[in-house]
>>> print(open('upload-v3.pdb').read())   # PDB, C-alpha atoms
ATOM      1  CA  MET A  15     -86.513   3.200  54.826
ATOM      2  CA  SER A  16     -89.630   1.422  56.052
ATOM      3  CA  ALA A  17     -91.017  -1.586  54.224
ATOM      4  CA  THR A  18     -94.192   0.017  52.940
ATOM      5  CA  PRO A  19     -97.124  -2.134  51.750
ATOM      6  CA  SER A  20     -96.296  -1.185  48.146
ATOM      7  CA  LEU A  21     -92.876  -2.872  48.433
ATOM      8  CA  ARG A  22     -93.940  -6.027  50.246
ATOM      9  CA  PRO A  23     -95.307  -7.835  47.157
ATOM     10  CA  MET A  24     -91.932  -7.347  45.435
ATOM     11  CA  PHE A  25     -90.162  -9.340  48.159
ATOM     12  CA  ALA A  26     -92.882 -11.790  49.083
ATOM     13  CA  PHE A  27     -91.081 -14.997  50.042
ATOM     14  CA  PRO A  28     -93.365 -17.441  51.886
ATOM     15  CA  GLY A  29     -92.088 -18.045  55.420
ATOM     16  CA  TRP A  30     -90.005 -14.853  55.400
ATOM     17  CA  VAL A  31     -90.815 -11.228  56.200
ATOM     18  CA  ILE A  32     -89.121  -7.896  55.478
ATOM     19  CA  GLU A  33     -87.290  -6.617  58.538
ATOM     20  CA  ARG A  34     -86.109  -3.370  56.930
ATOM     21  CA  ILE A  35     -84.765  -1.852  53.716
ATOM     22  CA  ASP A  36     -81.598   0.236  53.751
ATOM     23  CA  ILE A  37     -80.604   2.399  50.785
ATOM     24  CA  ASP A  38     -77.174   3.879  50.206
ATOM     25  CA  TRP A  39     -77.760   6.603  47.629
ATOM     26  CA  ASN A  40     -74.031   7.239  47.238
ATOM     27  CA  ILE A  41     -73.448   3.813  45.695
ATOM     28  CA  LYS A  42     -77.038   3.385  44.437
ATOM     29  CA  HIS A  43     -77.554   0.173  46.368
ATOM     30  CA  ALA A  44     -80.579  -1.145  48.289
ATOM     31  CA  PHE A  45     -80.261  -3.819  50.970
ATOM     32  CA  VAL A  46     -83.432  -5.755  51.775
ATOM     33  CA  HIS A  47     -83.122  -7.463  55.166
ATOM     34  CA  LEU A  48     -85.270 -10.584  55.477
ATOM     35  CA  ARG A  49     -85.937 -12.744  58.513
ATOM     36  CA  ARG A  50     -87.858 -15.920  59.072
ATOM     37  CA  ASP A  51     -91.492 -15.436  60.015
ATOM     38  CA  GLY A  52     -91.626 -15.785  63.805
ATOM     39  CA  ARG A  53     -95.067 -17.389  63.576
ATOM     40  CA  ILE A  54     -93.428 -20.502  62.082
ATOM     41  CA  GLN A  55     -92.217 -22.419  65.124
ATOM     42  CA  HIS A  56     -90.276 -25.216  63.447
ATOM     43  CA  VAL A  57     -88.281 -25.822  60.276
ATOM     44  CA  ARG A  58     -89.527 -29.104  58.856
ATOM     45  CA  CYS A  59     -87.634 -31.643  56.781
ATOM     46  CA  SER A  60     -88.594 -31.461  53.101
ATOM     47  CA  LYS A  61     -88.523 -35.268  52.854
ATOM     48  CA  CYS A  62     -90.499 -36.455  55.874
ATOM     49  CA  GLU A  63     -91.927 -33.223  57.406
ATOM     50  CA  THR A  64     -90.282 -33.911  60.782
ATOM     51  CA  PRO A  65     -89.080 -30.801  62.683
ATOM     52  CA  MET A  66     -85.326 -30.354  62.201
ATOM     53  CA  GLY A  67     -82.747 -29.395  64.787
ATOM     54  CA  GLN A  68     -80.416 -26.502  64.034
ATOM     55  CA  MET A  69     -76.821 -27.350  63.110
ATOM     56  CA  LYS A  70     -75.548 -23.909  62.140
ATOM     57  CA  THR A  71     -76.541 -20.589  60.575
ATOM     58  CA  LYS A  72     -74.826 -18.359  58.022
ATOM     59  CA  ASP A  73     -75.446 -14.772  56.980
ATOM     60  CA  ARG A  74     -76.043 -14.519  53.240
ATOM     61  CA  SER A  75     -76.227 -11.747  50.634
ATOM     62  CA  VAL A  76     -77.886 -12.553  47.297
ATOM     63  CA  GLN A  77     -78.272 -10.238  44.302
ATOM     64  CA  ASP A  78     -81.855  -9.596  43.183
ATOM     65  CA  LEU A  79     -83.643  -7.670  40.445
ATOM     66  CA  PRO A  80     -82.671  -3.969  40.408
ATOM     67  CA  LEU A  81     -85.103  -1.256  41.480
ATOM     68  CA  GLY A  82     -84.684   1.328  38.732
ATOM     69  CA  THR A  83     -81.043   2.406  38.977
ATOM     70  CA  LEU A  84     -80.586   0.776  42.393
ATOM     71  CA  GLN A  85     -78.759  -2.511  42.674
ATOM     72  CA  VAL A  86     -80.581  -4.769  45.153
ATOM     73  CA  ASN A  87     -79.244  -7.415  47.505
ATOM     74  CA  LEU A  88     -81.293  -9.644  49.800
ATOM     75  CA  LEU A  89     -79.705 -10.117  53.228
ATOM     76  CA  PHE A  90     -80.819 -13.001  55.429
ATOM     77  CA  THR A  91     -79.573 -15.721  57.741
ATOM     78  CA  ALA A  92     -79.663 -19.200  56.201
ATOM     79  CA  PHE A  93     -80.490 -22.097  58.505
ATOM     80  CA  GLN A  94     -78.886 -25.530  58.198
ATOM     81  CA  GLY A  95     -80.762 -28.305  59.948
ATOM     82  CA  ARG A  96     -80.607 -32.058  60.389
ATOM     83  CA  CYS A  97     -83.641 -34.318  60.564
ATOM     84  CA  SER A  98     -83.448 -36.721  63.504
ATOM     85  CA  HIS A  99     -85.963 -39.028  61.807
ATOM     86  CA  CYS A 100     -84.465 -39.610  58.332
ATOM     87  CA  GLY A 101     -81.016 -38.037  58.757
ATOM     88  CA  ASN A 102     -81.582 -35.519  55.952
ATOM     89  CA  ILE A 103     -79.400 -32.401  56.128
ATOM     90  CA  GLU A 104     -80.589 -29.315  54.285
ATOM     91  CA  THR A 105     -80.162 -25.561  54.203
ATOM     92  CA  VAL A 106     -83.269 -23.404  54.503
ATOM     93  CA  THR A 107     -83.283 -20.207  52.435
ATOM     94  CA  PRO A 108     -86.073 -18.022  50.986
ATOM     95  CA  PRO A 109     -88.056 -19.972  48.342
ATOM     96  CA  GLY A 110     -86.459 -19.985  44.904
ATOM     97  CA  LEU A 111     -82.901 -19.760  46.205
ATOM     98  CA  ALA A 112     -80.478 -22.652  46.061
ATOM     99  CA  PRO A 113     -78.355 -23.059  49.238
ATOM    100  CA  LYS A 114     -75.254 -21.551  47.602
ATOM    101  CA  ALA A 115     -76.938 -19.260  45.066
ATOM    102  CA  GLN A 116     -75.370 -15.840  44.489
ATOM    103  CA  ALA A 117     -78.461 -14.454  42.717
ATOM    104  CA  THR A 118     -82.208 -14.981  42.711
ATOM    105  CA  GLU A 119     -83.836 -17.093  40.033
ATOM    106  CA  ARG A 120     -85.872 -14.130  38.810
ATOM    107  CA  LEU A 121     -82.731 -12.062  38.248
ATOM    108  CA  LYS A 122     -81.188 -14.881  36.214
ATOM    109  CA  ARG A 123     -84.358 -15.132  34.097
ATOM    110  CA  HIS A 124     -84.269 -11.366  33.513
ATOM    111  CA  VAL A 125     -80.624 -11.511  32.404
ATOM    112  CA  SER A 126     -81.386 -14.419  30.088
ATOM    113  CA  HIS A 127     -84.230 -12.382  28.557
ATOM    114  CA  LEU A 128     -81.869  -9.447  27.974
ATOM    115  CA  CYS A 129     -79.495 -11.819  26.178
ATOM    116  CA  ARG A 130     -82.201 -12.387  23.564
ATOM    117  CA  TYR A 131     -81.869  -8.740  22.496
ATOM    118  CA  MET A 132     -78.210  -7.869  23.058
ATOM    119  CA  PRO A 133     -74.806  -9.548  23.278
ATOM    120  CA  CYS A 134     -74.000 -10.931  26.724
ATOM    121  CA  ASP A 135     -71.082  -8.497  27.000
ATOM    122  CA  LYS A 136     -73.548  -5.575  26.846
ATOM    123  CA  VAL A 137     -75.690  -6.786  29.776
ATOM    124  CA  PRO A 138     -73.285  -5.287  32.392
ATOM    125  CA  GLU A 139     -74.369  -1.839  31.157
ATOM    126  CA  PHE A 140     -77.786  -2.567  32.731
ATOM    127  CA  ILE A 141     -77.118  -5.185  35.431
ATOM    128  CA  ALA A 142     -74.166  -5.180  37.847
ATOM    129  CA  ILE A 143     -72.621  -8.461  36.667
ATOM    130  CA  SER A 144     -69.842  -9.453  34.282
ATOM    131  CA  GLY A 145     -70.382 -10.518  30.686
ATOM    132  CA  GLY A 146     -69.171 -13.998  31.583
ATOM    133  CA  THR A 147     -71.763 -14.265  34.358
ATOM    134  CA  ALA A 148     -74.501 -13.117  31.951
ATOM    135  CA  ARG A 149     -73.441 -15.804  29.500
ATOM    136  CA  ARG A 150     -73.397 -18.482  32.210
ATOM    137  CA  TRP A 151     -76.823 -17.516  33.579
ATOM    138  CA  ASP A 152     -78.305 -17.407  30.085
ATOM    139  CA  LYS A 153     -77.086 -20.938  29.412
ATOM    140  CA  GLU A 154     -78.406 -22.105  32.795
ATOM    141  CA  MET A 155     -81.864 -20.649  32.168
ATOM    142  CA  LEU A 156     -82.063 -21.982  28.615
ATOM    143  CA  MET A 157     -81.217 -25.461  29.881
ATOM    144  CA  LYS A 158     -84.132 -25.199  32.327
ATOM    145  CA  MET A 159     -86.726 -23.535  30.096
ATOM    146  CA  LEU A 160     -86.207 -25.035  26.659
ATOM    147  CA  PRO A 161     -87.786 -28.409  25.909
ATOM    148  CA  ALA A 162     -85.510 -31.360  25.308
ATOM    149  CA  PRO A 163     -84.420 -31.542  21.635
ATOM    150  CA  LYS A 164     -86.074 -34.095  19.371
ATOM    151  CA  ARG A 165     -83.395 -36.614  18.456
ATOM    152  CA  ASP A 166     -85.534 -39.173  16.642
ATOM    153  CA  GLY A 167     -85.697 -39.178  12.862
ATOM    154  CA  ILE A 168     -82.736 -36.835  12.291
ATOM    155  CA  ARG A 169     -81.840 -37.026   8.606
ATOM    156  CA  ALA A 170     -78.874 -34.665   8.521
ATOM    157  CA  LEU A 171     -76.625 -32.896  11.032
ATOM    158  CA  LEU A 172     -74.959 -29.515  10.675
ATOM    159  CA  ILE A 173     -71.898 -29.041  12.887
ATOM    160  CA  ASP A 174     -70.444 -25.596  13.578
ATOM    161  CA  GLU A 175     -67.742 -24.179  15.838
ATOM    162  CA  LYS A 176     -68.383 -20.754  17.371
ATOM    163  CA  SER A 177     -65.772 -18.480  18.951
ATOM    164  CA  ILE A 178     -66.983 -16.962  22.234
ATOM    165  CA  GLY A 179     -64.911 -14.005  23.335
ATOM    166  CA  LYS A 180     -61.161 -13.667  23.638
ATOM    167  CA  GLY A 181     -58.682 -16.399  24.421
ATOM    168  CA  HIS A 182     -59.679 -18.900  21.730
ATOM    169  CA  HIS A 183     -62.732 -20.184  23.593
ATOM    170  CA  TYR A 184     -65.087 -22.181  21.386
ATOM    171  CA  LEU A 185     -68.470 -23.866  21.435
ATOM    172  CA  THR A 186     -69.300 -26.826  19.237
ATOM    173  CA  VAL A 187     -72.907 -26.713  18.025
ATOM    174  CA  ALA A 188     -74.864 -29.591  16.486
ATOM    175  CA  LEU A 189     -78.049 -28.643  14.597
ATOM    176  CA  ASN A 190     -80.789 -30.570  12.887
ATOM    177  CA  ALA A 191     -79.973 -29.501   9.309
ATOM    178  CA  ASP A 192     -83.624 -29.764   8.232
ATOM    179  CA  THR A 193     -85.310 -27.871  11.099
ATOM    180  CA  GLY A 194     -82.481 -25.720  12.492
ATOM    181  CA  GLU A 195     -83.146 -27.045  16.012
ATOM    182  CA  THR A 196     -80.137 -26.995  18.334
ATOM    183  CA  LEU A 197     -79.372 -30.530  19.432
ATOM    184  CA  PHE A 198     -76.107 -30.041  21.327
ATOM    185  CA  LEU A 199     -73.810 -27.344  22.753
ATOM    186  CA  GLY A 200     -70.396 -28.352  24.018
ATOM    187  CA  GLU A 201     -67.449 -26.319  25.251
ATOM    188  CA  GLY A 202     -64.362 -26.670  23.074
ATOM    189  CA  LYS A 203     -63.950 -27.956  19.556
ATOM    190  CA  ARG A 204     -62.641 -30.908  17.547
ATOM    191  CA  LYS A 205     -63.882 -34.477  17.333
ATOM    192  CA  GLU A 206     -63.685 -35.198  21.079
ATOM    193  CA  VAL A 207     -66.394 -32.630  21.845
ATOM    194  CA  LEU A 208     -68.675 -33.882  19.075
ATOM    195  CA  ASP A 209     -68.236 -37.440  20.349
ATOM    196  CA  GLN A 210     -69.990 -36.336  23.568
ATOM    197  CA  PHE A 211     -73.112 -35.708  21.501
ATOM    198  CA  LEU A 212     -72.820 -38.801  19.310
ATOM    199  CA  SER A 213     -72.359 -41.057  22.334
ATOM    200  CA  SER A 214     -75.673 -39.779  23.745
ATOM    201  CA  LEU A 215     -77.622 -41.030  20.700
ATOM    202  CA  THR A 216     -79.150 -44.474  20.496
ATOM    203  CA  GLU A 217     -78.106 -46.822  17.691
ATOM    204  CA  GLU A 218     -81.498 -46.260  16.038
ATOM    205  CA  GLN A 219     -81.045 -42.485  16.148
ATOM    206  CA  LYS A 220     -77.554 -42.759  14.647
ATOM    207  CA  ALA A 221     -78.828 -45.037  11.873
ATOM    208  CA  SER A 222     -81.318 -42.425  10.653
ATOM    209  CA  ILE A 223     -78.578 -39.827   9.975
ATOM    210  CA  GLU A 224     -77.776 -39.766   6.271
ATOM    211  CA  CYS A 225     -75.164 -36.986   6.191
ATOM    212  CA  VAL A 226     -73.153 -34.629   8.341
ATOM    213  CA  GLY A 227     -72.339 -31.075   7.319
ATOM    214  CA  ILE A 228     -69.398 -29.192   8.809
ATOM    215  CA  ASP A 229     -69.749 -25.433   8.599
ATOM    216  CA  ARG A 230     -66.415 -23.605   8.796
ATOM    217  CA  GLY A 231     -66.185 -20.115   7.409
ATOM    218  CA  GLY A 232     -69.471 -20.474   5.557
ATOM    219  CA  SER A 233     -68.608 -23.698   3.719
ATOM    220  CA  TYR A 234     -70.854 -26.725   3.897
ATOM    221  CA  GLN A 235     -69.582 -30.207   3.254
ATOM    222  CA  ALA A 236     -71.901 -33.178   3.080
ATOM    223  CA  SER A 237     -70.924 -36.810   3.013
ATOM    224  CA  PRO A 238     -73.210 -39.812   2.574
TER
END
>>> encode(input="upload-v3.pdb", output="structure tokens")
Amino acid sequence: MSATPSLRPMFAFPGWVIERIDIDWNIKHAFVHLRRDGRIQHVRCSKCETPMGQMKTKDRSVQDLPLGTLQVNLLFTAFQGRCSHCGNIETVTPPGLAPKAQATERLKRHVSHLCRYMPCDKVPEFIAISGGTARRWDKEMLMKMLPAPKRDGIRALLIDEKSIGKGHHYLTVALNADTGETLFLGEGKRKEVLDQFLSSLTEEQKASIECVGIDRGGSYQASP
């Protein structure tokens, strides 16, 4: 399948061009082959802008947003270079992709958006990933997009333990009891997990807390 002008904006990664797009209709999978733009003569260090020498290359396949019912993977050759000026070593991939990323940032954002409207375990019905991966990407995106919680002037805390799936996996959640804002999410339960949150507070922030509520099975216990 040729890379028609209508498809180019969908895979517009600065410094990279579409070589070809292959579609296997039997497995409903599209493979978008990218290559570095030949007009760019040198890969430059991101720290000092000095041209880098090539150390090694590696063929990569990264999952991207689906096209209708087609699963999409980007195929390209990543370039690892070393700067002779500052000694920096880095891997060059299409913009928006971490060196070892298995999926594009825009796919992760899309999955996180789906998690606002359905349980993470239902996302695999629409995207070819596991429920655990959907949950992990959602957490990753929320950590990036949500503003840092306001920890000053907290009057009361509400602590809850949430079961997440099978196997007795839990999350400990700390909320501002007055505003409902999530202040902390930690894997596991019991006092050791909560101590991770408490140790991150300043003495002034701790002093403002008048009571702590522990919500287990709908009960609420407050202590001065």
>>> residues_around(input="upload-v3.pdb", residues="Val125 in chain A", least_positions_apart="5", cutoff="9 Å", atoms="only C-alpha atoms", output="list in words")
Arg120, Cys134, Val137, Ile141, Ala148, Arg149, Trp151 and Asp152 of chain A
>>> residues_around(input="upload-v3.pdb", residues="range 182-197 of chain A", least_positions_apart="4", cutoff="9 Å", atoms="all atoms listed in the file", output="compact mmCIF listing (two decimals) with C-alpha atoms, in the frame of the given file")
# COMPACT_ATOMS: atom_id res chain seq x y z
CA ALA A 162 -85.51 -31.36 25.31
CA PRO A 163 -84.42 -31.54 21.64
CA LYS A 164 -86.07 -34.10 19.37
CA ARG A 165 -83.40 -36.61 18.46
CA ILE A 168 -82.74 -36.84 12.29
CA ARG A 169 -81.84 -37.03 8.61
CA ALA A 170 -78.87 -34.66 8.52
CA LEU A 171 -76.62 -32.90 11.03
CA LEU A 172 -74.96 -29.52 10.68
CA ILE A 173 -71.90 -29.04 12.89
CA ASP A 174 -70.44 -25.60 13.58
CA GLU A 175 -67.74 -24.18 15.84
CA LYS A 176 -68.38 -20.75 17.37
CA SER A 177 -65.77 -18.48 18.95
CA ILE A 178 -66.98 -16.96 22.23
CA GLU A 201 -67.45 -26.32 25.25
CA GLY A 202 -64.36 -26.67 23.07
CA LYS A 203 -63.95 -27.96 19.56
CA ARG A 204 -62.64 -30.91 17.55
CA VAL A 207 -66.39 -32.63 21.84
CA LEU A 208 -68.68 -33.88 19.08
CA PHE A 211 -73.11 -35.71 21.50
CA VAL A 226 -73.15 -34.63 8.34
CA GLY A 227 -72.34 -31.08 7.32
>>> closest_atom_pairs(input="upload-v3.pdb", of="range 55-135 of chain A", to="range 28-44 of chain A", cutoff="9 Å", atoms="only C-alpha atoms", output="JSON lines")
{"residue": "A:Pro80", "atom": "CA", "partner": "A:Ala44", "partner_atom": "CA", "distance": 8.6}
{"residue": "A:Leu81", "atom": "CA", "partner": "A:Ala44", "partner_atom": "CA", "distance": 8.2}
{"residue": "A:Thr83", "atom": "CA", "partner": "A:Lys42", "partner_atom": "CA", "distance": 6.8}
{"residue": "A:Leu84", "atom": "CA", "partner": "A:Lys42", "partner_atom": "CA", "distance": 4.9}
{"residue": "A:Gln85", "atom": "CA", "partner": "A:His43", "partner_atom": "CA", "distance": 4.7}
{"residue": "A:Val86", "atom": "CA", "partner": "A:Ala44", "partner_atom": "CA", "distance": 4.8}
{"residue": "A:Asn87", "atom": "CA", "partner": "A:Ala44", "partner_atom": "CA", "distance": 6.5}
{"residue": "A:Leu88", "atom": "CA", "partner": "A:Ala44", "partner_atom": "CA", "distance": 8.7}
{"residue": "A:Pro108", "atom": "CA", "partner": "A:Trp30", "partner_atom": "CA", "distance": 6.7}
{"residue": "A:Pro109", "atom": "CA", "partner": "A:Pro28", "partner_atom": "CA", "distance": 6.9}
>>> axis_aligned_box(input="upload-v3.pdb", around="range 146-150 of chain A", padding_each_side="3 Å", output="JSON")
{"center_x": -71.8, "center_y": -15.8, "center_z": 31.9, "size_x": 11.3, "size_y": 11.4, "size_z": 10.9}
>>> atom_distance(input="upload-v3.pdb", atom1="CA of Leu79 in chain A", atom2="CA of Phe93 in chain A")
23.3 Å
>>> residues_around(input="upload-v3.pdb", residues="range 60-66 of chain A", least_positions_apart="4", cutoff="7 Å", atoms="all atoms listed in the file", output="count of residues only")
6
>>> closest_residue(input="upload-v3.pdb", among="A:Arg58, A:Asp78, A:Lys72, A:Arg123", to="Cys100 in chain A", atoms="all atoms listed in the file")
A:Arg58
>>> closest_residue(input="upload-v3.pdb", among="A:Cys129, A:Leu212, A:Ala142, A:Met24", to="Gly200 in chain A", atoms="only C-alpha atoms")
A:Leu212
>>> atom_distance(input="upload-v3.pdb", atom1="CA of Glu119 in chain A", atom2="CA of Asp51 in chain A")
21.5 Å
>>> atom_distance(input="upload-v3.pdb", atom1="CA of Leu156 in chain A", atom2="CA of Ala221 in chain A")
28.7 Å
>>> closest_residue(input="upload-v3.pdb", among="A:Val106, A:Lys122, A:Pro113, A:Gly82", to="Gln68 in chain A", atoms="all atoms listed in the file")
A:Val106
>>> residues_around(input="upload-v3.pdb", residues="Ala92 in chain A", least_positions_apart="4", cutoff="10 Å", atoms="all atoms listed in the file", output="list of chain:residue names")
A:Arg49, A:Arg50, A:Lys70, A:Thr71, A:Lys72, A:Asp73, A:Arg74, A:Ser75, A:Thr105, A:Val106, A:Thr107, A:Pro108, A:Pro113, A:Lys114
>>> decode(input="upload-v3.pdb", residues="range 195-214 of chain A", atoms="N, CA and C atoms", output="short mmCIF file (atom, residue, chain, number, x, y, z; two decimals), in the first residue's frame")
data_model
loop_
_atom_site.label_atom_id
_atom_site.label_comp_id
_atom_site.auth_asym_id
_atom_site.auth_seq_id
_atom_site.Cartn_x
_atom_site.Cartn_y
_atom_site.Cartn_z
N GLU A 195 -9.49 15.42 47.01
CA GLU A 195 -8.33 15.33 46.13
C GLU A 195 -7.45 14.15 46.53
N THR A 196 -6.99 13.40 45.53
CA THR A 196 -6.08 12.29 45.78
C THR A 196 -4.68 12.84 46.05
N LEU A 197 -4.14 12.47 47.20
CA LEU A 197 -2.83 12.95 47.60
C LEU A 197 -1.74 11.91 47.41
N PHE A 198 -2.13 10.62 47.41
CA PHE A 198 -1.13 9.55 47.36
C PHE A 198 -1.76 8.26 46.89
N LEU A 199 -1.03 7.51 46.05
CA LEU A 199 -1.39 6.15 45.64
C LEU A 199 -0.15 5.28 45.81
N GLY A 200 -0.28 4.23 46.60
CA GLY A 200 0.85 3.35 46.82
C GLY A 200 0.45 1.90 46.68
N GLU A 201 1.30 1.09 46.08
CA GLU A 201 1.00 -0.33 45.92
C GLU A 201 1.18 -1.07 47.23
N GLY A 202 0.18 -1.90 47.57
CA GLY A 202 0.21 -2.63 48.83
C GLY A 202 -0.71 -2.00 49.85
N LYS A 203 -0.66 -2.51 51.06
CA LYS A 203 -1.47 -1.95 52.13
C LYS A 203 -0.69 -2.03 53.44
N ARG A 204 -1.33 -1.62 54.51
CA ARG A 204 -0.78 -1.58 55.85
C ARG A 204 0.04 -0.31 56.07
N LYS A 205 0.51 -0.16 57.30
CA LYS A 205 1.14 1.07 57.75
C LYS A 205 2.40 1.41 56.96
N GLU A 206 3.15 0.40 56.51
CA GLU A 206 4.41 0.67 55.81
C GLU A 206 4.19 1.46 54.53
N VAL A 207 3.08 1.17 53.82
CA VAL A 207 2.79 1.89 52.58
C VAL A 207 2.39 3.33 52.90
N LEU A 208 1.55 3.51 53.91
CA LEU A 208 1.12 4.86 54.28
C LEU A 208 2.31 5.69 54.75
N ASP A 209 3.28 5.06 55.40
CA ASP A 209 4.45 5.79 55.87
C ASP A 209 5.22 6.43 54.71
N GLN A 210 5.12 5.83 53.50
CA GLN A 210 5.78 6.43 52.33
C GLN A 210 5.22 7.83 52.07
N PHE A 211 3.89 7.96 52.24
CA PHE A 211 3.25 9.25 52.04
C PHE A 211 3.59 10.22 53.17
N LEU A 212 3.46 9.74 54.40
CA LEU A 212 3.70 10.62 55.56
C LEU A 212 5.13 11.14 55.59
N SER A 213 6.07 10.30 55.15
CA SER A 213 7.48 10.73 55.17
C SER A 213 7.76 11.79 54.11
N SER A 214 6.86 11.94 53.13
CA SER A 214 7.06 12.95 52.09
C SER A 214 6.52 14.32 52.50
#
